[in-house]
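Note sheet for the following structure.
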2 protein chains.
Amino acid sequence: MRPVPTRTLAAALGAAAPGATVRLQGHVHRRRELRAVTFLVLRDRTGLAQVVVRPEEGQQVPPEETTVEVVGLATPNEQAPGGVEVTRPTITALTDPALTPPVELWRPRLAAGLPTLLDHAPVTWRHPHQRAKGELAAASLRGFRGTLDAAGFTEVSTPKLVASATESGANVFPVDYFGRPAFLAQSPQFFKQQLVGVFERVYETGPVFRAEPHDTVRHLAEYVSLDAELGFVDDHRDVLAVLRDVLAGMVAAIDEHAGEAVRRLGLTLPVVPGQIPVVHFADALRRVGADPDEPDLAPEHERALGAWAKDELGSDLLAVEGYPLRKRPFYTHPWTGRSHPGGPWSNSFDLLFRGMELVTGGQRLHRYGDYVTAIEARGESPDAYAAYLQAFAHGMPPHGGFAIGLERWVGRLVEAPNIREVTLFPRDLHRLTP
Amino acid sequence: MRPVPTRTLAAALGAAAPGATVRLQGHVHRRRELRAVTFLVLRDRTGLAQVVVRPEEGQQVPPEETTVEVVGLATPNEQAPGGVEVTRPTITALTDPALTPPVELWRPRLAAGLPTLLDHAPVTWRHPHQRAKGELAAASLRGFRGTLDAAGFTEVSTPKLVASATESGANVFPVDYFGRPAFLAQSPQFFKQQLVGVFERVYETGPVFRAEPHDTVRHLAEYVSLDAELGFVDDHRDVLAVLRDVLAGMVAAIDEHAGEAVRRLGLTLPVVPGQIPVVHFADALRRVGADPDEPDLAPEHERALGAWAKDELGSDLLAVEGYPLRKRPFYTHPWTGRSHPGGPWSNSFDLLFRGMELVTGGQRLHRYGDYVTAIEARGESPDAYAAYLQAFAHGMPPHGGFAIGLERWVGRLVEAPNIREVTLFPRDLHRLTP
């Protein structure tokens, strides 16, 4: 018996000395039986490796997706990935022969409709193109956190179980909490604000829950929110400047840690300009020819603005500031910039990425009295917000923040028609499994 | 009017040139009025700064916790933090005068009982000692992820809304999911295993939910679980080796990024040995004088083992391997090591940190047929696990993983008597706010 060397990863096979004994482990990505030879393409976390099996070697190649260990000789071959293949292999199956996958995972493109993709997610995500989307998400998270860590932010973990559905009132999931009513948090908004009083700059990456009754290509019932909040800002432009750095950091992290995924998908990464172009909401409505009394941008308006930003300003990103105060949550700070017709406007913004809303952010109220007024103006009682309002009664800085939807970000990066294509196990009106 | 310089953070004040005009922003940490002078101690995210206010300057010092901007002269004074204080200040309140905090936050030690601490969490976390615990948690997360990123793991985000309460059956929170029953995930266990088939090595940091009917000092209804799972392991010892590196990385990250918090709390960080000592469950029972038929370690057994590990092995950490198979979840791999009396044992372990269970981990089953057998042996139907079992039917590597409870980790680091003291906004049988 040959001595067993340590494992060689597929991506490192090219560096193996010709004739060296190597040990690979992975899934049978493809089994291709020709007359004179069988090719076993092995897939591990780093990529693909080619194993050549000749009939006289008496080795069985298990069906595709079976996990195997292959011990053989590193043999130069220009045709093989990395320029080296494995010959004279001893193949050991690590599990029972795998069932035939619902779609052929070895084909360069995954030819599967959305239901197949989602129903068989544990298997279809194995396709290198699907997997690449997961790598983009992971690298994006890394860039988000790395940028904020470097800027003096503290990561926090806030509860997803909350006592009241106070932020927006609607679209919350009720939970039976030891026999009492509770709800799943729609965002960490209230908590991150309170924690600005503690850490001054905070971020959180985690799930948020929206009981979205609409079945659209861009909404999920559960998604990953990348939240940041910072104190001692002058206005929402300070928040936007941090957001710019965060997005630049996310793109840089993708480039650094998921470059292979970018190449596999043939993507062009967005260039984040030194300063993100900003347009006032009133000017945005005018530019797309919308009714000046519209309280929000419709998806087609966002697309038109995205096209304009790309064509005229050369930017994939466009911030729309000054959204009508009445359409924003009660904690939104009124507009403090130069006057625009109409209004009242707010110190808040949406960031469009390639013509779709990706981020909502802005400056928040920070005076206790302003909260009481804003809550009462909505016909609600400040008592319902007692826990939250404690922070403001005890002194808070002017502050603001933003939230990026991770799946939307990845979805726009790869220009997926449906956000479910970039979500590992999507949850929506109809889908709760797998 | 003096020109307004950019903000100086408290920790950087010591580097300001004597006589330079500086601008600070923060909370009034303490207002101390003496006959001839008033001291304003300002607190920002980097620490404390001393501002000297003389009566003839006509400046009002707002009450403690009010947020302020101070523009004044950097003036050397050996007694001040960093050796520099601010004199001749202009003080501008950034909000209304703050309400008196429920506890005096400026005192070196926070003199508050647990109910006060928790009821007023948005304010009590501002105390530098409380805040330090949050900094330890943040640095720990950073170390966890950094270690695994470097080891070829991919971060994943899996659903917290699941269709069935299959993992343990009990202690789940029911959710009304668009009129259908759903549950909050007790762990990402099933998902992280499925994703080993995709990414080979995965981790996730996120909330998990346990409807714990017990009111103990070490259980929460919602906590942060640091989960990792990896493929192509020989047995649970490979998992334990990764866990060791992760814990070493967490300690190193605390040292690097939260060193000031460690000093503030006067902590001694644990030394993570190059190899964590391991004892078999059967030997552990014998060592603590427990009944050899005990199926689990009681808290007092864990404490006794922790003391033994510390005294005899000089280690804060001790792994107990081989837990009785019948007490572990159905996906647990049977014991494959050398034989021990009793059993059947499993390839799983608990890691004790200073005498308390911190981590559970081990090798999992990886063959589809073994899952069917294990599930049927519990009198359940494999059909109920169809989504999960897909991954195994389509080929999975031998694999294993672990889960660290973040709050337990920080709790043992600071030796908190109650886990709620290190949790920002704890959730338990009785508490759902703030």
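All residue names refer to the structure tokens as shown: chains lettered A, B, ... in order, residues numbered from 1 in each chain, ligands numbered from 1 in order.
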Using only C-alpha atoms, what table do you get, as CSV, when you list each residue of chain B with an atom no more than 7 Å from chain A, its nearest pair of atoms, and their distance in Å rounded to one decimal, rows by chain then rising number?
residue,atom,partner,partner_atom,distance
B:Arg45,CA,A:Glu200,CA,5.7
B:Glu65,CA,A:Gly395,CA,5.3
B:Thr66,CA,A:Gly395,CA,4.5
B:Thr67,CA,A:Pro397,CA,5.6
B:Leu94,CA,A:Pro397,CA,6.5
B:Thr95,CA,A:Arg367,CA,5.8
B:Asp96,CA,A:Arg367,CA,6.6
B:Ala98,CA,A:His394,CA,4.6
B:Leu99,CA,A:His394,CA,5.0
B:Thr100,CA,A:His394,CA,7.0
B:Pro101,CA,A:His394,CA,6.5
B:Pro122,CA,A:Ala391,CA,5.6
B:Val123,CA,A:Ala391,CA,6.3
B:Trp125,CA,A:Val198,CA,6.1
B:Arg126,CA,A:Val198,CA,4.6
B:Arg131,CA,A:Val198,CA,6.8
B:Glu135,CA,A:Thr154,CA,6.9
B:Ala138,CA,A:Glu155,CA,5.1
B:Thr154,CA,A:Ala138,CA,6.3
B:Glu155,CA,A:Ala138,CA,5.1
B:Val156,CA,A:Ala138,CA,6.7
B:Thr158,CA,A:Phe425,CA,6.7
B:Pro159,CA,A:Phe425,CA,6.6
B:Val162,CA,A:Leu432,CA,6.3
B:Ala163,CA,A:Leu432,CA,5.8
B:Phe173,CA,A:Asp176,CA,6.2
B:Pro174,CA,A:Asp176,CA,5.6
B:Val175,CA,A:Val175,CA,4.5
B:Asp176,CA,A:Pro174,CA,5.6
B:Tyr177,CA,A:Phe173,CA,6.5
B:Phe178,CA,A:Leu429,CA,6.6
B:Gln194,CA,A:Pro122,CA,5.7
B:Leu195,CA,A:Pro122,CA,6.8
B:Gly197,CA,A:Arg126,CA,6.9
B:Val198,CA,A:Arg126,CA,4.6
B:Phe199,CA,A:Arg45,CA,5.7
B:Glu200,CA,A:Arg45,CA,5.7
B:Gly206,CA,A:Gly206,CA,6.5
B:Arg367,CA,A:Thr95,CA,5.8
B:Ala387,CA,A:Pro434,CA,5.0
B:Gln390,CA,A:Pro122,CA,6.9
B:Ala391,CA,A:Pro122,CA,5.6
B:Ala393,CA,A:Leu99,CA,5.8
B:His394,CA,A:Ala98,CA,4.6
B:Gly395,CA,A:Thr66,CA,4.5
B:Met396,CA,A:Thr67,CA,6.0
B:Pro397,CA,A:Thr67,CA,5.6
B:Leu424,CA,A:Thr158,CA,6.9
B:Phe425,CA,A:Pro159,CA,6.6
B:Leu429,CA,A:Phe178,CA,6.6
B:Leu432,CA,A:Ala163,CA,5.8
B:Thr433,CA,A:Ala163,CA,6.4
B:Pro434,CA,A:Ala387,CA,5.0
Any chance you can output those residues with N, CA and C atoms as a compact mmCIF listing (two decimals), in the first residue's frame?
# COMPACT_ATOMS: atom_id res chain seq x y z
N ARG B 45 -16.93 57.31 21.95
CA ARG B 45 -16.74 55.88 21.72
C ARG B 45 -15.33 55.40 22.01
N GLU B 65 -25.27 62.66 30.87
CA GLU B 65 -25.82 61.92 29.71
C GLU B 65 -26.29 62.81 28.56
N THR B 66 -26.46 64.11 28.80
CA THR B 66 -26.77 65.00 27.68
C THR B 66 -25.62 64.92 26.67
N THR B 67 -25.94 64.98 25.39
CA THR B 67 -24.88 64.99 24.39
C THR B 67 -24.47 66.44 24.12
N LEU B 94 -26.36 69.26 22.37
CA LEU B 94 -26.86 68.77 21.09
C LEU B 94 -28.29 68.24 21.21
N THR B 95 -28.80 68.23 22.43
CA THR B 95 -30.17 67.78 22.65
C THR B 95 -30.67 68.44 23.93
N ASP B 96 -31.91 68.16 24.30
CA ASP B 96 -32.46 68.72 25.53
C ASP B 96 -31.73 68.11 26.73
N ALA B 98 -30.64 65.89 29.56
CA ALA B 98 -31.01 64.48 29.75
C ALA B 98 -31.61 64.27 31.13
N LEU B 99 -32.54 63.34 31.17
CA LEU B 99 -33.11 62.88 32.43
C LEU B 99 -32.02 62.19 33.26
N THR B 100 -32.12 62.28 34.57
CA THR B 100 -31.14 61.61 35.43
C THR B 100 -31.21 60.10 35.19
N PRO B 101 -30.07 59.46 34.91
CA PRO B 101 -30.09 58.01 34.65
C PRO B 101 -30.55 57.23 35.88
N PRO B 122 -31.15 50.17 27.67
CA PRO B 122 -30.64 51.18 26.73
C PRO B 122 -29.74 52.21 27.41
N VAL B 123 -29.89 52.37 28.72
CA VAL B 123 -29.07 53.34 29.46
C VAL B 123 -27.94 52.64 30.22
N TRP B 125 -26.31 49.97 29.62
CA TRP B 125 -25.21 49.50 28.77
C TRP B 125 -24.21 50.61 28.47
N ARG B 126 -24.58 51.85 28.78
CA ARG B 126 -23.62 52.94 28.56
C ARG B 126 -22.47 52.93 29.57
N ARG B 131 -20.45 48.25 28.61
CA ARG B 131 -20.03 48.42 27.22
C ARG B 131 -18.85 47.52 26.86
N GLU B 135 -18.02 44.93 23.73
CA GLU B 135 -16.81 44.97 22.91
C GLU B 135 -16.15 43.58 22.83
N ALA B 138 -18.17 41.59 20.28
CA ALA B 138 -17.88 42.00 18.91
C ALA B 138 -16.52 41.46 18.45
N THR B 154 -16.95 29.23 4.04
CA THR B 154 -17.82 30.23 3.42
C THR B 154 -18.93 30.58 4.39
N GLU B 155 -19.15 31.87 4.58
CA GLU B 155 -20.25 32.28 5.46
C GLU B 155 -21.58 32.09 4.75
N VAL B 156 -22.57 31.57 5.47
CA VAL B 156 -23.90 31.38 4.90
C VAL B 156 -24.95 32.01 5.81
N THR B 158 -28.88 31.21 6.74
CA THR B 158 -29.95 30.23 6.53
C THR B 158 -31.23 30.69 7.23
N PRO B 159 -32.39 30.17 6.80
CA PRO B 159 -33.67 30.66 7.31
C PRO B 159 -33.87 30.38 8.79
N VAL B 162 -38.88 27.95 9.82
CA VAL B 162 -38.83 26.58 9.29
C VAL B 162 -40.21 25.93 9.40
N ALA B 163 -40.39 24.89 8.58
CA ALA B 163 -41.72 24.29 8.44
C ALA B 163 -42.05 23.30 9.55
N PHE B 173 -40.70 27.78 19.22
CA PHE B 173 -41.70 28.85 19.19
C PHE B 173 -42.53 28.72 17.92
N PRO B 174 -43.85 28.61 18.05
CA PRO B 174 -44.70 28.57 16.85
C PRO B 174 -44.92 29.97 16.29
N VAL B 175 -44.95 30.04 14.97
CA VAL B 175 -45.16 31.31 14.26
C VAL B 175 -46.38 31.17 13.35
N ASP B 176 -47.15 32.21 13.26
CA ASP B 176 -48.26 32.23 12.30
C ASP B 176 -47.69 32.75 10.98
N TYR B 177 -47.47 31.81 10.04
CA TYR B 177 -46.80 32.14 8.78
C TYR B 177 -47.84 32.22 7.68
N PHE B 178 -48.33 33.40 7.42
CA PHE B 178 -49.38 33.60 6.41
C PHE B 178 -50.54 32.60 6.63
N GLN B 194 -26.57 20.54 4.98
CA GLN B 194 -26.89 20.52 3.54
C GLN B 194 -25.87 21.35 2.76
N LEU B 195 -25.43 22.45 3.38
CA LEU B 195 -24.54 23.36 2.67
C LEU B 195 -23.09 22.88 2.66
N GLY B 197 -22.52 20.09 1.49
CA GLY B 197 -22.56 19.52 0.15
C GLY B 197 -22.29 20.55 -0.94
N VAL B 198 -22.48 21.82 -0.61
CA VAL B 198 -22.29 22.91 -1.58
C VAL B 198 -20.91 23.54 -1.43
N PHE B 199 -20.62 24.01 -0.22
CA PHE B 199 -19.41 24.81 0.00
C PHE B 199 -18.30 24.03 0.72
N GLU B 200 -18.62 22.85 1.18
CA GLU B 200 -17.69 21.96 1.89
C GLU B 200 -17.37 22.43 3.31
N GLY B 206 -25.58 33.76 14.00
CA GLY B 206 -26.92 34.32 13.98
C GLY B 206 -27.75 33.86 15.14
N ARG B 367 -24.40 9.02 5.45
CA ARG B 367 -25.02 8.11 4.46
C ARG B 367 -26.54 8.19 4.57
N ALA B 387 -36.88 17.22 2.87
CA ALA B 387 -36.06 18.32 2.34
C ALA B 387 -34.61 18.16 2.75
N GLN B 390 -32.64 15.04 1.14
CA GLN B 390 -32.21 15.22 -0.26
C GLN B 390 -30.69 15.28 -0.37
N ALA B 391 -30.10 16.08 0.50
CA ALA B 391 -28.65 16.30 0.44
C ALA B 391 -27.90 14.98 0.56
N ALA B 393 -29.12 11.85 -0.01
CA ALA B 393 -29.41 10.96 -1.14
C ALA B 393 -28.53 11.30 -2.33
N HIS B 394 -28.13 12.58 -2.43
CA HIS B 394 -27.35 13.02 -3.57
C HIS B 394 -25.85 13.16 -3.26
N GLY B 395 -25.38 12.47 -2.21
CA GLY B 395 -23.94 12.40 -1.98
C GLY B 395 -23.41 13.46 -1.03
N MET B 396 -23.02 13.02 0.15
CA MET B 396 -22.45 13.94 1.13
C MET B 396 -21.14 13.37 1.65
N PRO B 397 -20.19 14.23 1.99
CA PRO B 397 -18.94 13.74 2.57
C PRO B 397 -19.11 13.44 4.07
N LEU B 424 -27.26 41.97 25.46
CA LEU B 424 -27.74 43.35 25.30
C LEU B 424 -29.20 43.49 25.72
N PHE B 425 -30.06 42.67 25.13
CA PHE B 425 -31.49 42.74 25.44
C PHE B 425 -32.00 41.31 25.59
N LEU B 429 -38.21 33.42 29.61
CA LEU B 429 -39.58 33.07 30.00
C LEU B 429 -40.37 34.31 30.43
N LEU B 432 -39.51 40.12 27.60
CA LEU B 432 -39.61 40.35 26.15
C LEU B 432 -39.31 41.81 25.81
N THR B 433 -39.04 42.62 26.83
CA THR B 433 -38.64 44.02 26.64
C THR B 433 -37.54 44.36 27.64
N PRO B 434 -36.80 45.43 27.52
CA PRO B 434 -36.84 46.36 26.38
C PRO B 434 -36.25 45.66 25.14
task: Write out as a PyMOL selection string all residues of segment 10-153 of chain A that DSSP puts in helix (DSSP H, G or I) for this structure's backbone.
output: chain A and resi 10-15+55-57+81-83+114-119+121-124+128-150
- segment 18-22 of chain A: which residues within 10 Å, counting only C-alpha atoms, same-chain residues fewer than 2 positions away excluded, as a ChimeraX atom specification? /A:2-9,13-16,24,70-76,84-89
File of the preceding selection, N, CA and C atoms, as an mmCIF file, in the first residue's frame:
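Done, and the output landed in part.cif:
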data_model
loop_
_atom_site.group_PDB
_atom_site.id
_atom_site.type_symbol
_atom_site.label_atom_id
_atom_site.label_comp_id
_atom_site.auth_asym_id
_atom_site.auth_seq_id
_atom_site.Cartn_x
_atom_site.Cartn_y
_atom_site.Cartn_z
ATOM 1 N N ARG A 2 0.489 2.186 -0.843
ATOM 2 C CA ARG A 2 1.225 3.453 -0.868
ATOM 3 C C ARG A 2 0.971 4.216 0.428
ATOM 4 N N PRO A 3 1.940 4.960 0.907
ATOM 5 C CA PRO A 3 1.667 5.823 2.069
ATOM 6 C C PRO A 3 0.637 6.877 1.670
ATOM 7 N N VAL A 4 -0.227 7.252 2.592
ATOM 8 C CA VAL A 4 -1.281 8.208 2.269
ATOM 9 C C VAL A 4 -0.819 9.638 2.527
ATOM 10 N N PRO A 5 -0.689 10.421 1.459
ATOM 11 C CA PRO A 5 -0.258 11.811 1.658
ATOM 12 C C PRO A 5 -1.416 12.654 2.184
ATOM 13 N N THR A 6 -1.112 13.860 2.654
ATOM 14 C CA THR A 6 -2.186 14.755 3.084
ATOM 15 C C THR A 6 -2.990 15.167 1.857
ATOM 16 N N ARG A 7 -4.177 15.675 2.116
ATOM 17 C CA ARG A 7 -5.091 16.014 1.028
ATOM 18 C C ARG A 7 -4.538 17.152 0.157
ATOM 19 N N THR A 8 -4.677 17.005 -1.137
ATOM 20 C CA THR A 8 -4.386 18.094 -2.073
ATOM 21 C C THR A 8 -5.709 18.666 -2.548
ATOM 22 N N LEU A 9 -5.879 19.985 -2.442
ATOM 23 C CA LEU A 9 -7.097 20.609 -2.946
ATOM 24 C C LEU A 9 -6.990 20.766 -4.460
ATOM 25 N N LEU A 13 -3.586 21.380 -7.222
ATOM 26 C CA LEU A 13 -3.051 20.231 -7.968
ATOM 27 C C LEU A 13 -2.019 20.670 -9.007
ATOM 28 N N GLY A 14 -2.257 21.833 -9.603
ATOM 29 C CA GLY A 14 -1.337 22.342 -10.611
ATOM 30 C C GLY A 14 0.075 22.550 -10.094
ATOM 31 N N ALA A 15 0.202 22.687 -8.776
ATOM 32 C CA ALA A 15 1.524 22.916 -8.189
ATOM 33 C C ALA A 15 2.194 21.622 -7.731
ATOM 34 N N ALA A 16 1.503 20.480 -7.908
ATOM 35 C CA ALA A 16 2.088 19.201 -7.476
ATOM 36 C C ALA A 16 3.231 18.795 -8.407
ATOM 37 N N LEU A 24 -6.901 13.342 -3.330
ATOM 38 C CA LEU A 24 -7.967 14.334 -3.503
ATOM 39 C C LEU A 24 -9.243 13.814 -2.866
ATOM 40 N N VAL A 70 -9.617 10.053 -3.978
ATOM 41 C CA VAL A 70 -8.814 9.564 -5.097
ATOM 42 C C VAL A 70 -7.340 9.713 -4.735
ATOM 43 N N VAL A 71 -6.617 8.601 -4.774
ATOM 44 C CA VAL A 71 -5.173 8.652 -4.589
ATOM 45 C C VAL A 71 -4.546 8.238 -5.928
ATOM 46 N N GLY A 72 -3.657 9.063 -6.449
ATOM 47 C CA GLY A 72 -3.070 8.748 -7.754
ATOM 48 C C GLY A 72 -1.833 9.593 -8.007
ATOM 49 N N LEU A 73 -1.439 9.618 -9.266
ATOM 50 C CA LEU A 73 -0.198 10.314 -9.616
ATOM 51 C C LEU A 73 -0.493 11.652 -10.291
ATOM 52 N N ALA A 74 0.160 12.696 -9.842
ATOM 53 C CA ALA A 74 0.041 14.006 -10.494
ATOM 54 C C ALA A 74 0.769 13.933 -11.828
ATOM 55 N N THR A 75 0.013 14.232 -12.904
ATOM 56 C CA THR A 75 0.571 14.051 -14.244
ATOM 57 C C THR A 75 0.288 15.278 -15.098
ATOM 58 N N PRO A 76 1.326 15.947 -15.585
ATOM 59 C CA PRO A 76 1.103 17.146 -16.397
ATOM 60 C C PRO A 76 0.253 16.850 -17.625
ATOM 61 N N VAL A 84 -2.528 19.988 -14.651
ATOM 62 C CA VAL A 84 -2.126 18.707 -14.059
ATOM 63 C C VAL A 84 -3.382 17.858 -13.857
ATOM 64 N N GLU A 85 -3.289 16.583 -14.209
ATOM 65 C CA GLU A 85 -4.402 15.658 -13.930
ATOM 66 C C GLU A 85 -3.869 14.528 -13.056
ATOM 67 N N VAL A 86 -4.780 13.671 -12.629
ATOM 68 C CA VAL A 86 -4.388 12.533 -11.798
ATOM 69 C C VAL A 86 -4.546 11.261 -12.624
ATOM 70 N N THR A 87 -3.510 10.470 -12.656
ATOM 71 C CA THR A 87 -3.568 9.196 -13.374
ATOM 72 C C THR A 87 -3.319 8.053 -12.398
ATOM 73 N N ARG A 88 -3.573 6.844 -12.899
ATOM 74 C CA ARG A 88 -3.421 5.615 -12.099
ATOM 75 C C ARG A 88 -4.068 5.754 -10.715
ATOM 76 N N PRO A 89 -5.340 6.096 -10.719
ATOM 77 C CA PRO A 89 -6.004 6.390 -9.445
ATOM 78 C C PRO A 89 -6.489 5.155 -8.697
#
Selection near Leu413 of chain A, 8 Å with only C-alpha atoms, sequence-local residues under 5 positions removed, as a JSON list (two decimals) with N, CA and C atoms, in the first residue's frame:
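Written out: part.json:
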[["chain", "number", "residue", "atom", "x", "y", "z"],
["A", 267, "LEU", "N", -19.04, 38.50, -14.56],
["A", 267, "LEU", "CA", -19.62, 39.76, -14.08],
["A", 267, "LEU", "C", -18.70, 40.95, -14.30],
["A", 269, "LEU", "N", -18.04, 44.15, -12.15],
["A", 269, "LEU", "CA", -18.37, 44.73, -10.84],
["A", 269, "LEU", "C", -18.62, 46.22, -10.98],
["A", 270, "PRO", "N", -19.54, 46.77, -10.19],
["A", 270, "PRO", "CA", -19.79, 48.21, -10.27],
["A", 270, "PRO", "C", -18.59, 48.99, -9.75]]
**Report entry** Contact residues around Ala304 of chain A with only C-alpha atoms at 10 Å, ignoring same-chain residues under 3 positions, as a list in words
**Finding:** Ala284, Arg287, Val288, Gly289, Ala298, Pro299, Glu300, His301, Ala307, Trp308, Ala309, Lys310, Arg354, Gly355 and Met356 of chain A
Could you save the residues just selected, with N, CA and C atoms, as a compact mmCIF listing (two decimals), in the first residue's frame?
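Once everything was written out, this is part_31.txt:
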# COMPACT_ATOMS: atom_id res chain seq x y z
N ALA A 284 -36.05 64.34 -8.92
CA ALA A 284 -36.13 63.00 -9.49
C ALA A 284 -37.50 62.79 -10.14
N ARG A 287 -37.62 64.69 -13.32
CA ARG A 287 -36.78 64.10 -14.36
C ARG A 287 -37.46 62.92 -15.05
N VAL A 288 -38.21 62.12 -14.29
CA VAL A 288 -38.86 60.96 -14.90
C VAL A 288 -40.28 61.29 -15.37
N GLY A 289 -40.64 62.58 -15.27
CA GLY A 289 -41.94 62.99 -15.76
C GLY A 289 -43.10 62.51 -14.93
N ALA A 298 -42.05 54.80 -8.14
CA ALA A 298 -42.50 53.49 -8.60
C ALA A 298 -41.30 52.76 -9.21
N PRO A 299 -41.36 51.40 -9.27
CA PRO A 299 -40.25 50.66 -9.85
C PRO A 299 -39.82 51.18 -11.22
N GLU A 300 -40.78 51.60 -12.07
CA GLU A 300 -40.37 52.09 -13.40
C GLU A 300 -39.65 53.44 -13.30
N HIS A 301 -39.99 54.22 -12.28
CA HIS A 301 -39.26 55.47 -12.06
C HIS A 301 -37.82 55.17 -11.63
N ALA A 307 -31.14 54.34 -15.33
CA ALA A 307 -30.63 54.48 -16.71
C ALA A 307 -30.01 55.87 -16.89
N TRP A 308 -30.69 56.87 -16.33
CA TRP A 308 -30.16 58.24 -16.44
C TRP A 308 -28.80 58.35 -15.73
N ALA A 309 -28.72 57.78 -14.53
CA ALA A 309 -27.46 57.86 -13.77
C ALA A 309 -26.33 57.17 -14.53
N LYS A 310 -26.68 56.04 -15.14
CA LYS A 310 -25.66 55.29 -15.87
C LYS A 310 -25.21 56.07 -17.12
N ARG A 354 -28.27 50.19 -10.01
CA ARG A 354 -28.73 49.70 -11.31
C ARG A 354 -30.26 49.75 -11.40
N GLY A 355 -30.79 50.88 -10.96
CA GLY A 355 -32.22 51.11 -11.15
C GLY A 355 -33.15 50.39 -10.18
N MET A 356 -32.61 49.89 -9.07
CA MET A 356 -33.49 49.29 -8.06
C MET A 356 -33.09 49.77 -6.67
So which one's closest to Ala319 of chain B, B:Gly400, B:Gly361, B:Pro295, B:Gly342? Using only C-alpha atoms, please.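 Of B:Gly400, B:Gly361, B:Pro295, B:Gly342, the one nearest Ala319 of chain B is B:Gly361, counting only C-alpha atoms.
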- [ ] Work out how far apart atom CA of Leu305 of chain A and atom CA of Pro277 of chain A are and give it in Å to one decimal.
- [x]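 Separation between atom CA of Leu305 of chain A and atom CA of Pro277 of chain A: 11.5 Å.
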Which of segment 148-309 of chain B end up as strand (DSSP E or B) when DSSP is run on this backbone - answer as number ranges by chain?
B: 154-155, 161-162, 174-177, 180-184, 201-209, 222-231, 278-280
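Using only C-alpha atoms, the contacts of Asp234 of chain A at a cut-off of 10 Å, with sequence neighbours closer than 4 positions omitted, comprise Asp238, Val239, Thr336, Gln363, Pro398, His399 and Gly400 of chain A.
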Here is a test: counting only C-alpha atoms, which residue of A:Ser346, A:Thr147, A:Thr268, A:Ser187 is nearest to Asp316 of chain A?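 Smallest separation from Asp316 of chain A among the options: A:Thr268.
Shortest separation to Glu380 of chain A among A:Glu415, A:Phe330, A:Val272, A:Asp255 occurs at residue A:Phe330, atoms counted being only C-alpha atoms.
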